[in-house]
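Working notes, structure below.
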Amino acid sequence: MNYRITASIFIILFSLIFLLNIMKKPIVFSKMENRYLKEFPEFNNKDFFSGEFTKNIEEYYSDQFIFRDNWITIKSFSEYIIGKKNIDNVFIGKDNYIFERHLPKDIETNNLEKNLYNIELFFKNINLLNIPTSSIIVPSSSHILSKYMPIFSYKYDENKIINYMDLMISKYQNIKFIPLLENLKNNSEKYIYYKTDHHWTTKGAYIGYESWAKENDIKPISESNFIIKTVSNDFFGTTYSNINLPFIKPDKINLYYIKENINYNIIYNKIDSTKTSNLYNKEFLDKKDKYSIFLNGNNGITNINTNNNNNKNLIIIKDSFANSFAPFIINHFENIHIIDLRYFNNSVIDYIKKNEITDILFLYSIYNISTDKDIPKISR
């Protein structure tokens, strides 16, 4: 009798959840995960017979499952209390740090080889233009802060890519590889990476800026010449969104305001543009994606004009790690052009020639060099 009652309750609950999932309106964007959720796939014979259509259906219902955020919390917490330190490709580390897990299959792919090939082709073309160029490859937090990783956790050897890039660049006279590893590791006791997000903090970005300045024989602006303000104490990053554990403490966001009288005129995207004089968009402090406070998030083209009047024009080709780095380096230039290849579809080389660029910075994180599908645009 008890078995029948239990079975009946289970069937009723299962049927109710099934019906609610069918009836609920699909959610386009998840604020918790800061990403667009899977849309219902269009049927075609090719995808159906290859199995891709079935896979897309499964991903759709996984993304659109009712009370998804609550289920993520319940699942993650139940796995944590039984002792798991690797939950949904996230390592639960020491001192409130959580880390993305990067496996060889995520890194050592044909996409990485394709990206490295196109990056080298770009450097080869740039070297012919005789324009001073710097390349910054930002290692992951798990690589720099390995002492906070759980015991026996897997750490991909990111030195493979770093050393390859260094060797590649050494062939070109006008291109410098900016070494970051030693400087970041020497400051690993400081707050240089967010604990709940994959990005480096503003402090970490400043250390990267110091490394760039040293390699280019430029005197960096001292931290004492910035006013540092904490503008948020409740930032939960993208790594946290994968597990949503309630006991994880939030990060804080610090902003650096230069004391010198440097003015900025900023245009985000030439078409349908937004003009401002502020490097930081504080509207994002009221949103889930608080990291977008830096340079208004990711835009195809960001143009910044300063009152430096030194005829130095910098272009930054970047991923999102450059958003918190740019507020330091731009203080050395008159005109700055920032390109995000995910939203830029023109020739980078032609853009460089047209805008009389005098200096180039290529700044990407290790993981994005491996996975980004848009990097091949750089060699057009």
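Naming works like this for the structure tokens: A, B, ... for the chains as they're shown, residue 1 at the start of each chain, ligands 1 onward in shown order.
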
*Please provide the set of residues having any atom within 10 Å of stretch 161-167 of chain A, restricted to only C-alpha atoms, with same-chain residues fewer than 6 positions apart removed, written as a PyMOL selection string.*
chain A and resi 107-108+112+116+119-120+135-139+176-181+366-367+369-370

Can you write just those residues out, N, CA and C atoms, as a PDB file, in the first residue's frame?
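And here's selection_18.pdb as it stands now:
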ATOM      1  N   ILE A 107      41.155  22.423 -24.162  1.00  0.00           N
ATOM      2  CA  ILE A 107      42.284  23.274 -24.553  1.00  0.00           C
ATOM      3  C   ILE A 107      42.934  22.795 -25.842  1.00  0.00           C
ATOM      4  N   GLU A 108      43.381  21.540 -25.843  1.00  0.00           N
ATOM      5  CA  GLU A 108      44.146  21.015 -26.969  1.00  0.00           C
ATOM      6  C   GLU A 108      43.208  20.511 -28.064  1.00  0.00           C
ATOM      7  N   LEU A 112      42.266  25.489 -31.140  1.00  0.00           N
ATOM      8  CA  LEU A 112      43.475  26.138 -30.631  1.00  0.00           C
ATOM      9  C   LEU A 112      44.518  26.255 -31.740  1.00  0.00           C
ATOM     10  N   LEU A 116      46.014  29.787 -33.145  1.00  0.00           N
ATOM     11  CA  LEU A 116      47.442  30.100 -33.092  1.00  0.00           C
ATOM     12  C   LEU A 116      47.988  30.376 -34.495  1.00  0.00           C
ATOM     13  N   ILE A 119      46.786  33.897 -35.410  1.00  0.00           N
ATOM     14  CA  ILE A 119      47.498  34.897 -34.614  1.00  0.00           C
ATOM     15  C   ILE A 119      48.899  35.122 -35.175  1.00  0.00           C
ATOM     16  N   GLU A 120      49.569  34.022 -35.515  1.00  0.00           N
ATOM     17  CA  GLU A 120      50.919  34.155 -36.074  1.00  0.00           C
ATOM     18  C   GLU A 120      50.893  34.854 -37.429  1.00  0.00           C
ATOM     19  N   SER A 135      52.221  41.537 -26.813  1.00  0.00           N
ATOM     20  CA  SER A 135      51.257  40.446 -26.662  1.00  0.00           C
ATOM     21  C   SER A 135      51.202  40.023 -25.196  1.00  0.00           C
ATOM     22  N   ILE A 136      50.002  40.047 -24.630  1.00  0.00           N
ATOM     23  CA  ILE A 136      49.789  39.629 -23.247  1.00  0.00           C
ATOM     24  C   ILE A 136      48.839  38.441 -23.233  1.00  0.00           C
ATOM     25  N   ILE A 137      49.303  37.337 -22.669  1.00  0.00           N
ATOM     26  CA  ILE A 137      48.465  36.149 -22.503  1.00  0.00           C
ATOM     27  C   ILE A 137      48.241  35.967 -21.008  1.00  0.00           C
ATOM     28  N   VAL A 138      47.006  36.085 -20.572  1.00  0.00           N
ATOM     29  CA  VAL A 138      46.695  36.053 -19.140  1.00  0.00           C
ATOM     30  C   VAL A 138      46.406  34.621 -18.695  1.00  0.00           C
ATOM     31  N   PRO A 139      47.197  34.083 -17.777  1.00  0.00           N
ATOM     32  CA  PRO A 139      46.932  32.731 -17.266  1.00  0.00           C
ATOM     33  C   PRO A 139      45.677  32.717 -16.405  1.00  0.00           C
ATOM     34  N   LYS A 176      56.747  42.124 -28.967  1.00  0.00           N
ATOM     35  CA  LYS A 176      57.238  41.713 -27.657  1.00  0.00           C
ATOM     36  C   LYS A 176      56.212  40.833 -26.952  1.00  0.00           C
ATOM     37  N   PHE A 177      56.710  39.754 -26.363  1.00  0.00           N
ATOM     38  CA  PHE A 177      55.868  38.934 -25.503  1.00  0.00           C
ATOM     39  C   PHE A 177      56.036  39.430 -24.076  1.00  0.00           C
ATOM     40  N   ILE A 178      54.942  39.814 -23.437  1.00  0.00           N
ATOM     41  CA  ILE A 178      54.998  40.381 -22.090  1.00  0.00           C
ATOM     42  C   ILE A 178      54.873  39.254 -21.062  1.00  0.00           C
ATOM     43  N   PRO A 179      55.948  38.960 -20.328  1.00  0.00           N
ATOM     44  CA  PRO A 179      55.887  37.889 -19.325  1.00  0.00           C
ATOM     45  C   PRO A 179      55.099  38.324 -18.087  1.00  0.00           C
ATOM     46  N   LEU A 180      54.088  37.527 -17.739  1.00  0.00           N
ATOM     47  CA  LEU A 180      53.244  37.857 -16.582  1.00  0.00           C
ATOM     48  C   LEU A 180      53.410  36.895 -15.419  1.00  0.00           C
ATOM     49  N   LEU A 181      53.790  35.653 -15.723  1.00  0.00           N
ATOM     50  CA  LEU A 181      53.727  34.588 -14.723  1.00  0.00           C
ATOM     51  C   LEU A 181      54.435  34.950 -13.425  1.00  0.00           C
ATOM     52  N   ILE A 366      44.268  32.748 -21.576  1.00  0.00           N
ATOM     53  CA  ILE A 366      44.629  31.415 -22.063  1.00  0.00           C
ATOM     54  C   ILE A 366      43.412  30.671 -22.601  1.00  0.00           C
ATOM     55  N   TYR A 367      42.360  30.628 -21.821  1.00  0.00           N
ATOM     56  CA  TYR A 367      41.205  29.811 -22.188  1.00  0.00           C
ATOM     57  C   TYR A 367      40.529  30.329 -23.455  1.00  0.00           C
ATOM     58  N   ILE A 369      41.942  31.996 -25.919  1.00  0.00           N
ATOM     59  CA  ILE A 369      42.790  31.678 -27.077  1.00  0.00           C
ATOM     60  C   ILE A 369      42.478  30.266 -27.572  1.00  0.00           C
ATOM     61  N   SER A 370      42.120  29.394 -26.655  1.00  0.00           N
ATOM     62  CA  SER A 370      41.847  28.003 -27.002  1.00  0.00           C
ATOM     63  C   SER A 370      40.451  27.800 -27.571  1.00  0.00           C
TER      64      SER A 370
END

At a cut-off of 9 Å, can you tabulate as CSV every residue of stretch 153-222 of chain A near stretch 228-236 of chain A together with its closest atom pair and the distance in Å to one decimal, using only C-alpha atoms and ordering rows by chain then number?
residue,atom,partner,partner_atom,distance
A:Lys195,CA,A:Phe236,CA,8.7
A:Thr196,CA,A:Phe236,CA,5.8
A:Asp197,CA,A:Phe236,CA,7.0

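Of the residues under consideration (A:Gln173, A:Asn130, A:His332, A:Asn86), A:Asn130 shows the shortest atom-to-atom contact distance to A:Lys353 when counting only C-alpha atoms.
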
*Which residues, written as a PyMOL selection string, have at least one atom at most 8 Å from stretch 144-159 of chain A, with only C-alpha atoms counted and residues fewer than 4 positions away on the same chain left out?*
chain A and resi 85+91-95+97+99+101-104+139-140+163+181+184-185+188+366

*Near A:Glu100, within 8 Å and counting only C-alpha atoms, which residues show up once chain neighbours fewer than 5 positions away are dropped, as number ranges by chain?*
A: 89-91, 142, 198, 239

*What's the 9 Å shell around A:Tyr194, counting only C-alpha atoms, without same-chain residues fewer than 4 positions away, as a ChimeraX atom specification?*
/A:97,141,198-201,237,251-253

Can you write just those residues out, all heavy atoms, as a tab-separated table (two decimals), in the first residue's frame?
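What ended up in again-v9.tsv:
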chain	number	residue	atom	x	y	z
A	97	TYR	N	37.74	30.49	-2.59
A	97	TYR	CA	38.00	30.49	-4.03
A	97	TYR	C	37.29	29.33	-4.70
A	97	TYR	O	37.26	28.20	-4.19
A	97	TYR	CB	39.51	30.36	-4.31
A	97	TYR	CG	40.26	31.66	-4.24
A	97	TYR	CD1	40.99	32.00	-3.10
A	97	TYR	CD2	40.26	32.55	-5.31
A	97	TYR	CE1	41.70	33.19	-3.03
A	97	TYR	CE2	40.96	33.75	-5.25
A	97	TYR	CZ	41.68	34.07	-4.11
A	97	TYR	OH	42.38	35.25	-4.04
A	141	SER	N	43.22	31.74	-13.12
A	141	SER	CA	43.41	31.83	-11.67
A	141	SER	C	43.92	30.51	-11.09
A	141	SER	O	44.73	30.50	-10.16
A	141	SER	CB	42.11	32.24	-10.98
A	141	SER	OG	41.07	31.33	-11.28
A	198	HIS	N	36.10	34.22	-13.29
A	198	HIS	CA	37.34	33.81	-13.93
A	198	HIS	C	38.27	34.97	-14.25
A	198	HIS	O	39.44	34.76	-14.59
A	198	HIS	CB	37.03	33.04	-15.23
A	198	HIS	CG	36.30	33.85	-16.26
A	198	HIS	ND1	34.98	34.22	-16.13
A	198	HIS	CD2	36.72	34.37	-17.45
A	198	HIS	CE1	34.61	34.92	-17.18
A	198	HIS	NE2	35.65	35.04	-18.00
A	199	HIS	N	37.79	36.22	-14.17
A	199	HIS	CA	38.62	37.37	-14.51
A	199	HIS	C	39.62	37.73	-13.41
A	199	HIS	O	39.43	37.38	-12.25
A	199	HIS	CB	37.74	38.60	-14.76
A	199	HIS	CG	36.92	38.51	-16.00
A	199	HIS	ND1	35.57	38.23	-15.97
A	199	HIS	CD2	37.25	38.66	-17.30
A	199	HIS	CE1	35.09	38.22	-17.21
A	199	HIS	NE2	36.10	38.47	-18.03
A	200	TRP	N	40.66	38.46	-13.79
A	200	TRP	CA	41.53	39.05	-12.78
A	200	TRP	C	40.85	40.29	-12.22
A	200	TRP	O	39.99	40.92	-12.85
A	200	TRP	CB	42.92	39.36	-13.31
A	200	TRP	CG	43.06	40.21	-14.55
A	200	TRP	CD1	42.09	40.91	-15.21
A	200	TRP	CD2	44.28	40.44	-15.28
A	200	TRP	NE1	42.61	41.56	-16.30
A	200	TRP	CE2	43.96	41.29	-16.37
A	200	TRP	CE3	45.59	40.03	-15.12
A	200	TRP	CZ2	44.92	41.72	-17.29
A	200	TRP	CZ3	46.54	40.45	-16.03
A	200	TRP	CH2	46.20	41.28	-17.10
A	201	THR	N	41.21	40.66	-11.00
A	201	THR	CA	40.65	41.85	-10.38
A	201	THR	C	41.35	43.08	-10.94
A	201	THR	O	42.30	42.98	-11.74
A	201	THR	CB	40.87	41.82	-8.86
A	201	THR	OG1	42.29	41.81	-8.60
A	201	THR	CG2	40.23	40.59	-8.23
A	237	GLY	N	30.41	36.17	-9.68
A	237	GLY	CA	30.81	36.05	-11.08
A	237	GLY	C	30.25	34.83	-11.78
A	237	GLY	O	29.42	34.08	-11.25
A	251	ASP	N	32.38	38.63	-4.11
A	251	ASP	CA	33.59	39.41	-4.33
A	251	ASP	C	33.29	40.89	-4.18
A	251	ASP	O	32.12	41.32	-4.13
A	251	ASP	CB	34.11	39.17	-5.75
A	251	ASP	CG	34.93	37.90	-5.87
A	251	ASP	OD1	35.99	37.84	-5.23
A	251	ASP	OD2	34.51	36.98	-6.60
A	252	LYS	N	34.35	41.68	-4.14
A	252	LYS	CA	34.21	43.13	-4.19
A	252	LYS	C	34.87	43.64	-5.47
A	252	LYS	O	35.77	43.00	-6.03
A	252	LYS	CB	34.84	43.79	-2.97
A	252	LYS	CG	36.34	43.60	-2.82
A	252	LYS	CD	36.84	44.31	-1.56
A	252	LYS	CE	38.36	44.11	-1.39
A	252	LYS	NZ	38.85	44.79	-0.16
A	253	ILE	N	34.39	44.76	-5.94
A	253	ILE	CA	34.95	45.39	-7.15
A	253	ILE	C	35.55	46.73	-6.76
A	253	ILE	O	34.88	47.58	-6.16
A	253	ILE	CB	33.87	45.59	-8.23
A	253	ILE	CG1	33.36	44.24	-8.72
A	253	ILE	CG2	34.42	46.40	-9.40
A	253	ILE	CD1	32.25	44.33	-9.75

*Which one is closest to A:Ile301: A:Lys373, A:Lys160, A:Arg380, A:Arg342? Count only C-alpha atoms.*
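Closest residue, counting only C-alpha atoms: A:Arg342.
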
*Which of these, A:Phe362, A:Phe122, A:Tyr193, A:Tyr117, has the shortest distance to A:Ser347 once you count only C-alpha atoms?*
A:Phe122

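Taking atom CA of A:Leu295 as the reference point, atom CA of A:Asn278 is found at 8.4 Å.
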